[in-house]
file structure38.txt (compact mmCIF, C-alpha atoms)
# COMPACT_ATOMS: atom_id res chain seq x y z
CA MET A 26 70.16 -105.68 -2.41
CA SER A 27 72.19 -102.52 -3.15
CA GLY A 28 71.49 -99.06 -1.72
CA ASN A 29 69.77 -98.11 -4.97
CA GLY A 30 67.59 -101.23 -4.71
CA TYR A 31 66.38 -100.23 -1.24
CA LEU A 32 65.78 -96.66 -2.47
CA PHE A 33 63.74 -97.89 -5.43
CA ALA A 34 61.80 -100.30 -3.19
CA ALA A 35 60.91 -97.51 -0.72
CA TYR A 36 59.73 -95.09 -3.42
CA ALA A 37 57.82 -97.81 -5.28
CA VAL A 38 56.08 -99.11 -2.17
CA THR A 39 55.05 -95.54 -1.22
CA TRP A 40 53.25 -95.07 -4.53
CA ILE A 41 51.79 -98.59 -4.47
CA ILE A 42 50.20 -97.79 -1.07
CA HIS A 43 48.82 -94.43 -2.28
CA ILE A 44 47.54 -95.82 -5.61
CA THR A 45 45.89 -98.78 -3.86
CA TYR A 46 44.08 -96.39 -1.52
CA LEU A 47 43.03 -94.17 -4.46
CA GLY A 48 41.73 -97.34 -6.15
CA THR A 49 39.48 -98.07 -3.15
CA ILE A 50 38.07 -94.52 -3.35
CA VAL A 51 37.34 -94.90 -7.08
CA ARG A 52 35.68 -98.29 -6.46
CA ARG A 53 33.50 -96.82 -3.71
CA TYR A 54 32.55 -93.92 -6.02
CA SER A 55 31.42 -96.25 -8.80
CA ARG A 56 29.43 -98.41 -6.35
CA LEU A 57 27.74 -95.28 -5.02
CA LYS A 58 26.98 -94.08 -8.55
CA ARG A 59 25.23 -97.39 -9.26
CA GLU A 60 23.20 -96.98 -6.06
CA ILE A 61 22.20 -93.44 -7.08
CA ASP A 62 21.13 -94.67 -10.54
CA GLU A 63 18.99 -97.37 -8.92
CA LEU A 64 17.43 -94.80 -6.61
CA LYS A 65 16.65 -92.57 -9.60
CA LYS A 66 15.15 -95.51 -11.50
CA SER A 67 12.88 -96.43 -8.60
CA GLY A 68 11.66 -92.78 -8.72
CA PRO A 69 9.53 -90.88 -6.23
CA ARG A 70 6.75 -92.97 -4.72
CA SER A 71 3.30 -91.47 -4.39
CA MET B 184 34.74 -74.90 -6.98
CA LYS B 185 34.34 -77.57 -9.69
CA ARG B 186 37.36 -76.14 -11.51
CA ALA B 187 39.52 -75.88 -8.39
CA PHE B 188 39.87 -79.66 -8.01
CA PRO B 189 41.46 -80.44 -11.43
CA ILE B 190 43.64 -77.31 -11.20
CA LEU B 191 44.92 -78.31 -7.76
CA GLY B 192 45.31 -81.87 -9.05
CA ALA B 193 47.52 -80.70 -11.92
CA VAL B 194 49.56 -78.43 -9.61
CA THR B 195 50.05 -81.33 -7.17
CA ALA B 196 51.14 -83.70 -9.97
CA ILE B 197 53.70 -81.15 -11.22
CA LEU B 198 54.90 -80.47 -7.67
CA LEU B 199 55.30 -84.18 -6.86
CA SER B 200 57.17 -84.83 -10.13
CA TYR B 201 59.47 -81.87 -9.44
CA ALA B 202 59.97 -83.06 -5.84
CA LEU B 203 60.85 -86.55 -7.10
CA TYR B 204 63.42 -85.09 -9.49
CA MET B 205 64.88 -82.96 -6.69
CA ALA B 206 65.06 -85.95 -4.34
CA LEU B 207 66.68 -88.32 -6.83
CA VAL B 208 68.89 -85.98 -8.85
CA TRP B 209 69.34 -82.51 -7.35
CA ALA B 210 69.80 -83.34 -3.65
CA PRO B 211 73.41 -84.02 -2.63
CA THR B 212 74.40 -87.61 -1.85
CA GLU B 213 74.91 -88.21 1.86
CA ARG B 214 78.51 -89.16 2.66
CA THR B 215 77.97 -92.16 4.98
CA MET B 216 74.73 -93.73 3.75
CA GLY B 217 74.96 -92.91 0.05
CA ASN B 218 71.85 -93.00 -2.14
CA VAL B 219 69.76 -94.96 0.35
CA GLN B 220 69.54 -91.78 2.48
CA ARG B 221 67.21 -90.35 -0.20
CA ILE B 222 64.41 -92.47 1.36
CA PHE B 223 64.41 -89.60 3.90
CA TYR B 224 62.59 -87.37 1.34
CA TYR B 225 59.57 -89.70 1.36
CA HIS B 226 59.77 -91.07 4.91
CA VAL B 227 59.90 -87.77 6.85
CA PRO B 228 57.28 -85.79 4.82
CA SER B 229 54.91 -88.77 5.11
CA ALA B 230 55.36 -88.76 8.89
CA TRP B 231 54.75 -84.98 9.13
CA THR B 232 51.67 -85.23 6.91
CA ALA B 233 50.28 -88.10 9.01
CA PHE B 234 50.84 -86.10 12.22
CA ILE B 235 49.05 -83.05 10.78
CA LEU B 236 46.11 -85.20 9.62
CA PHE B 237 45.84 -86.77 13.09
CA PHE B 238 45.82 -83.28 14.64
CA ILE B 239 43.03 -82.19 12.26
CA ASN B 240 41.22 -85.39 13.26
CA PHE B 241 41.67 -84.35 16.91
CA GLY B 242 40.28 -80.84 16.27
CA ALA B 243 37.31 -82.15 14.27
CA SER B 244 36.56 -84.75 16.97
CA ILE B 245 36.53 -82.04 19.66
CA VAL B 246 34.20 -79.91 17.49
CA TYR B 247 31.93 -82.93 16.98
CA LEU B 248 31.85 -83.73 20.70
CA ILE B 249 30.87 -80.12 21.51
CA LYS B 250 28.61 -79.11 18.61
CA ARG B 251 27.53 -82.48 17.12
CA LYS B 252 28.04 -81.18 13.59
CA PRO B 253 27.97 -84.02 10.99
CA ALA B 254 30.53 -82.14 8.83
CA ALA B 255 33.04 -82.29 11.71
CA ASP B 256 32.40 -86.03 12.02
CA ILE B 257 33.10 -86.51 8.29
CA VAL B 258 36.33 -84.44 8.52
CA ALA B 259 37.43 -86.59 11.49
CA LEU B 260 36.75 -89.84 9.62
CA VAL B 261 38.45 -88.70 6.41
CA THR B 262 41.60 -87.33 8.10
CA ALA B 263 41.97 -90.51 10.18
CA GLU B 264 41.71 -92.67 7.05
CA VAL B 265 44.21 -90.65 5.00
CA GLY B 266 46.45 -90.28 8.08
CA VAL B 267 46.57 -94.08 8.45
CA VAL B 268 47.64 -94.36 4.79
CA PHE B 269 50.53 -91.92 5.36
CA CYS B 270 51.47 -93.60 8.66
CA THR B 271 51.56 -96.95 6.78
CA VAL B 272 54.05 -95.39 4.33
CA VAL B 273 56.20 -94.33 7.32
CA LEU B 274 56.08 -97.82 8.85
CA VAL B 275 57.01 -99.47 5.55
CA THR B 276 59.72 -97.07 4.30
CA GLY B 277 61.36 -96.93 7.77
CA PRO B 278 62.39 -100.62 7.84
CA ILE B 279 63.46 -100.46 4.15
CA TRP B 280 65.80 -97.61 5.15
CA ALA B 281 66.87 -99.29 8.42
CA ARG B 282 67.96 -102.59 6.82
CA PRO B 283 70.99 -101.28 4.88
CA VAL B 284 71.88 -98.62 7.50
CA TRP B 285 71.35 -100.39 10.86
CA GLY B 286 71.57 -103.96 9.54
CA ILE B 287 68.09 -104.78 10.90
CA TRP B 288 64.55 -104.30 9.62
CA TRP B 289 63.01 -103.44 12.98
CA THR B 290 63.92 -102.81 16.61
CA TRP B 291 61.51 -102.40 19.53
CA ASP B 292 62.82 -98.98 20.55
CA MET B 293 60.58 -96.16 21.72
CA ARG B 294 60.20 -94.23 18.43
CA LEU B 295 59.41 -97.24 16.27
CA THR B 296 57.15 -98.91 18.84
CA SER B 297 55.21 -95.71 19.61
CA THR B 298 54.67 -95.10 15.87
CA LEU B 299 53.32 -98.64 15.52
CA VAL B 300 51.03 -98.07 18.54
CA LEU B 301 49.81 -94.79 17.00
CA TRP B 302 49.02 -96.62 13.75
CA LEU B 303 47.16 -99.37 15.66
CA ILE B 304 45.07 -96.76 17.55
CA TYR B 305 43.90 -95.14 14.30
CA VAL B 306 43.34 -98.51 12.60
CA SER B 307 41.10 -99.49 15.55
CA TYR B 308 39.36 -96.10 15.15
CA LEU B 309 38.59 -97.00 11.51
CA PHE B 310 37.46 -100.52 12.48
CA LEU B 311 35.13 -99.00 15.08
CA ARG B 312 33.64 -96.69 12.46
CA ARG B 313 33.33 -99.46 9.89
CA PHE B 314 31.84 -102.26 11.96
CA SER B 315 29.82 -100.58 14.72
CA SER B 316 26.24 -99.78 13.74
CA SER B 317 25.30 -98.07 16.99
CA GLY B 318 24.07 -94.47 16.80
CA GLU B 319 26.72 -93.59 19.36
CA THR B 320 29.59 -94.69 17.09
CA PRO B 321 30.66 -91.14 16.04
CA THR B 322 30.78 -90.10 19.73
CA LEU B 323 32.78 -93.17 20.76
CA ALA B 324 35.11 -92.69 17.78
CA ALA B 325 35.60 -89.01 18.65
CA ALA B 326 36.56 -89.98 22.22
CA LEU B 327 39.04 -92.56 20.87
CA ALA B 328 40.46 -89.94 18.47
CA VAL B 329 41.10 -87.54 21.36
CA LEU B 330 43.07 -90.27 23.17
CA GLY B 331 44.89 -91.19 19.95
CA ALA B 332 45.96 -87.58 19.36
CA LEU B 333 47.72 -87.58 22.75
CA CYS B 334 50.03 -90.22 21.31
CA VAL B 335 51.21 -87.94 18.45
CA PRO B 336 53.44 -85.58 20.53
CA PHE B 337 54.68 -88.62 22.44
CA VAL B 338 55.84 -90.21 19.16
CA TYR B 339 57.53 -86.99 18.01
CA PHE B 340 59.32 -86.24 21.27
CA SER B 341 60.09 -89.86 22.23
CA ILE B 342 63.59 -89.51 20.76
CA TRP B 343 64.29 -86.63 23.15
CA PHE B 344 63.29 -88.50 26.30
CA PHE B 345 64.41 -92.06 25.58
CA ARG B 346 67.57 -93.65 24.24
CA THR B 347 66.70 -94.74 20.75
CA GLN B 348 68.34 -95.91 17.58
CA HIS B 349 66.27 -93.45 15.54
CA PRO B 350 68.06 -90.21 14.49
CA GLN B 351 67.18 -86.85 16.10
CA PRO B 352 64.32 -84.83 14.53
CA VAL B 353 65.13 -82.61 11.55
CA MET B 354 63.20 -79.70 13.07
CA GLY B 355 63.96 -78.62 16.64
CA GLY B 356 66.23 -81.56 17.36
CA GLY B 357 69.45 -79.61 17.68
CA GLY B 358 70.98 -81.44 14.73
CA SER B 359 72.08 -79.83 11.49
CA ILE B 360 71.09 -80.56 7.90
CA ASP B 361 72.55 -79.40 4.59
CA PRO B 362 70.39 -76.45 3.39
CA ARG B 363 69.93 -78.16 -0.02
CA MET B 364 68.63 -81.30 1.70
CA LEU B 365 66.25 -79.18 3.79
CA HIS B 366 65.03 -77.43 0.63
CA VAL B 367 64.27 -80.78 -1.07
CA LEU B 368 62.64 -82.10 2.10
CA LEU B 369 60.30 -79.07 2.30
CA ILE B 370 59.36 -79.34 -1.40
CA ASN B 371 58.49 -83.01 -0.93
CA TRP B 372 56.47 -82.14 2.17
CA LEU B 373 54.57 -79.47 0.24
CA GLY B 374 53.87 -81.96 -2.56
CA PHE B 375 52.63 -84.66 -0.18
CA SER B 376 50.56 -82.13 1.80
CA CYS B 377 48.79 -80.98 -1.41
CA PHE B 378 48.27 -84.63 -2.35
CA ALA B 379 46.82 -85.41 1.11
CA PHE B 380 44.52 -82.38 0.85
CA LEU B 381 43.23 -83.55 -2.55
CA VAL B 382 42.64 -87.10 -1.33
CA CYS B 383 40.83 -85.78 1.78
CA TRP B 384 38.72 -83.52 -0.40
CA SER B 385 37.55 -86.35 -2.70
CA ARG B 386 37.04 -88.69 0.26
CA TYR B 387 34.96 -85.98 2.02
CA ARG B 388 32.74 -85.62 -1.07
CA LEU B 389 32.36 -89.40 -1.27
CA GLU B 390 31.40 -89.72 2.41
CA LYS B 391 28.91 -86.84 2.18
CA LEU B 392 27.32 -88.41 -0.90
CA GLN B 393 27.21 -91.82 0.81
CA ARG B 394 25.37 -90.33 3.80
CA ASP B 395 22.89 -88.58 1.47
CA VAL B 396 22.22 -91.86 -0.34
CA ASP B 397 21.78 -93.73 2.96
CA GLN B 398 19.28 -91.06 4.02
CA ALA B 399 17.42 -91.41 0.71
CA HIS B 400 17.26 -95.20 1.19
CA ALA B 401 15.91 -94.70 4.72
CA LEU B 402 13.28 -92.24 3.45
CA GLU B 403 12.35 -94.58 0.64
CA SER B 404 11.74 -97.48 3.00
CA LEU B 405 9.69 -95.19 5.29
CA MET B 406 7.51 -94.01 2.40
CA ALA B 407 7.10 -97.44 0.82
CA PRO B 408 3.68 -99.03 1.33
CA ARG B 409 3.61 -101.77 3.98
CA GLY B 410 4.72 -105.15 2.73
CA SER B 411 6.69 -103.74 -0.21
CA VAL B 412 9.87 -103.15 1.81
CA ARG B 413 12.49 -105.83 1.28

call {"tool": "encode", "arguments": {"input": "structure38.txt", "output": "structure tokens"}}
result
Amino acid sequence: MSGNGYLFAAYAVTWIIHITYLGTIVRRYSRLKREIDELKKSGPRS
Amino acid sequence: MKRAFPILGAVTAILLSYALYMALVWAPTERTMGNVQRIFYYHVPSAWTAFILFFINFGASIVYLIKRKPAADIVALVTAEVGVVFCTVVLVTGPIWARPVWGIWWTWDMRLTSTLVLWLIYVSYLFLRRFSSSGETPTLAAALAVLGALCVPFVYFSIWFFRTQHPQPVMGGGGSIDPRMLHVLLINWLGFSCFAFLVCWSRYRLEKLQRDVDQAHALESLMAPRGSVR
């Protein structure tokens, strides 16, 4: 691999790591939103 | 406050794009290493950002141990998680830079090994938080974080005290750097710091919401008539 290849690999892998982590946050948010909707549906118990 | 997040998000995106342009185009090409040296503009700012996040984690853990404030516990958890992500970037980009320059992917010298140990400490911190259900978990995690933070200065100064293949630090290492390279490095650091702040902010909101939902679930099961709880 040339110097440019290593440079591209390093920059690409940096953003892959960050985007993967952001993806886990988004997934957790949507799971939580579903949980909140279920809680709202079940409503206050008397 | 609701407006601040997208504004800061847009500013960070512009800053990171500008920093990328500066790193790839504007920064001078290093004479010996050539273009591969430009990995420096992602590797070093990621390391600095990780160190700062681990120090915030340390401060929040101390606050939690003294005052038992849940907000401090959330800050500690969030900064450890984002810090591990940045430390992972350091551990991955380092070998990609080392291969063409040193001819090897990895060497067990003090700087590299201590960085790996630091990463392992914070990964175990996150495992502890994830898999322990004891009520004492935040306290145990805070104690582990205090020990982990002691490793941060050791990693930074290891190249002063031990013979290592790793170059001297850019700041306070006695070495010199082209002012244009320093300028690009600082812009990249600013961009990554803003990005880390944004990620921590959204992760903090998520964790706070998760705890509220868990509390609501607990209340719901307490208020449910006997026999109707799953």

call {"tool": "residues_around", "arguments": {"input": "structure38.txt", "residues": "B:Gly277", "least_positions_apart": "5", "cutoff": "10 Å", "atoms": "only C-alpha atoms", "output": "number ranges by chain"}}
result
A: 35; B: 222-223, 225-227, 271-272, 282, 288-289, 295, 349

call {"tool": "interface_residues", "arguments": {"input": "structure38.txt", "of": "chain A", "to": "chain B", "cutoff": "7 Å", "atoms": "all atoms listed in the file", "output": "list in words"}}
result
Gly28, Asn29, Tyr31, Leu32, Ala35, Thr39, Ile50, Tyr54, Leu57 and Ile61 of chain A

call {"tool": "closest_residue", "arguments": {"input": "structure38.txt", "among": "B:Met364, B:Leu303, B:Met293, B:Ile257", "to": "B:Trp209", "atoms": "all atoms listed in the file"}}
result
B:Met364

call {"tool": "residues_around", "arguments": {"input": "structure38.txt", "residues": "B:Gln348", "least_positions_apart": "4", "cutoff": "9 Å", "atoms": "only C-alpha atoms", "output": "list of chain:residue names"}}
result
B:Trp285, B:Thr290, B:Asp292, B:Met293, B:Arg294, B:Ile342

call {"tool": "closest_residue", "arguments": {"input": "structure38.txt", "among": "B:Arg394, B:Ile239, B:Gly266, B:Ser376", "to": "B:Val306", "atoms": "only C-alpha atoms"}}
result
B:Gly266

call {"tool": "atom_distance", "arguments": {"input": "structure38.txt", "atom1": "atom CA of B:Ala243", "atom2": "atom CA of B:Leu311"}}
result
17.0 Å

call {"tool": "atom_distance", "arguments": {"input": "structure38.txt", "atom1": "atom CA of B:Thr298", "atom2": "atom CA of B:Ser317"}}
result
29.5 Å

call {"tool": "build_atoms", "arguments": {"input": "structure38.txt", "residues": "stretch 27-40 of chain A", "atoms": "N, CA and C atoms", "output": "PDB file, in the coordinates of the input"}}
result
ATOM      1  N   SER A  27      71.319-103.698  -3.259  1.00  0.00           N
ATOM      2  CA  SER A  27      72.190-102.520  -3.150  1.00  0.00           C
ATOM      3  C   SER A  27      71.405-101.358  -2.557  1.00  0.00           C
ATOM      4  N   GLY A  28      72.136-100.254  -2.248  1.00  0.00           N
ATOM      5  CA  GLY A  28      71.490 -99.060  -1.720  1.00  0.00           C
ATOM      6  C   GLY A  28      70.423 -98.539  -2.667  1.00  0.00           C
ATOM      7  N   ASN A  29      70.734 -98.579  -3.969  1.00  0.00           N
ATOM      8  CA  ASN A  29      69.770 -98.110  -4.970  1.00  0.00           C
ATOM      9  C   ASN A  29      68.521 -98.994  -4.991  1.00  0.00           C
ATOM     10  N   GLY A  30      68.721-100.286  -4.749  1.00  0.00           N
ATOM     11  CA  GLY A  30      67.590-101.230  -4.710  1.00  0.00           C
ATOM     12  C   GLY A  30      66.638-100.883  -3.574  1.00  0.00           C
ATOM     13  N   TYR A  31      67.206-100.605  -2.393  1.00  0.00           N
ATOM     14  CA  TYR A  31      66.380-100.230  -1.240  1.00  0.00           C
ATOM     15  C   TYR A  31      65.655 -98.901  -1.521  1.00  0.00           C
ATOM     16  N   LEU A  32      66.371 -97.962  -2.139  1.00  0.00           N
ATOM     17  CA  LEU A  32      65.780 -96.660  -2.470  1.00  0.00           C
ATOM     18  C   LEU A  32      64.600 -96.840  -3.414  1.00  0.00           C
ATOM     19  N   PHE A  33      64.801 -97.643  -4.456  1.00  0.00           N
ATOM     20  CA  PHE A  33      63.740 -97.890  -5.430  1.00  0.00           C
ATOM     21  C   PHE A  33      62.552 -98.574  -4.751  1.00  0.00           C
ATOM     22  N   ALA A  34      62.864 -99.559  -3.886  1.00  0.00           N
ATOM     23  CA  ALA A  34      61.800-100.300  -3.190  1.00  0.00           C
ATOM     24  C   ALA A  34      60.964 -99.344  -2.327  1.00  0.00           C
ATOM     25  N   ALA A  35      61.634 -98.442  -1.604  1.00  0.00           N
ATOM     26  CA  ALA A  35      60.910 -97.510  -0.720  1.00  0.00           C
ATOM     27  C   ALA A  35      60.003 -96.576  -1.512  1.00  0.00           C
ATOM     28  N   TYR A  36      60.528 -96.020  -2.613  1.00  0.00           N
ATOM     29  CA  TYR A  36      59.730 -95.090  -3.420  1.00  0.00           C
ATOM     30  C   TYR A  36      58.564 -95.831  -4.093  1.00  0.00           C
ATOM     31  N   ALA A  37      58.866 -97.042  -4.595  1.00  0.00           N
ATOM     32  CA  ALA A  37      57.820 -97.810  -5.280  1.00  0.00           C
ATOM     33  C   ALA A  37      56.712 -98.197  -4.315  1.00  0.00           C
ATOM     34  N   VAL A  38      57.096 -98.649  -3.131  1.00  0.00           N
ATOM     35  CA  VAL A  38      56.080 -99.110  -2.170  1.00  0.00           C
ATOM     36  C   VAL A  38      55.226 -97.928  -1.697  1.00  0.00           C
ATOM     37  N   THR A  39      55.824 -96.739  -1.601  1.00  0.00           N
ATOM     38  CA  THR A  39      55.050 -95.540  -1.220  1.00  0.00           C
ATOM     39  C   THR A  39      53.922 -95.301  -2.219  1.00  0.00           C
ATOM     40  N   TRP A  40      54.272 -95.343  -3.510  1.00  0.00           N
ATOM     41  CA  TRP A  40      53.250 -95.070  -4.530  1.00  0.00           C
ATOM     42  C   TRP A  40      52.281 -96.216  -4.689  1.00  0.00           C
TER      43      TRP A  40
END
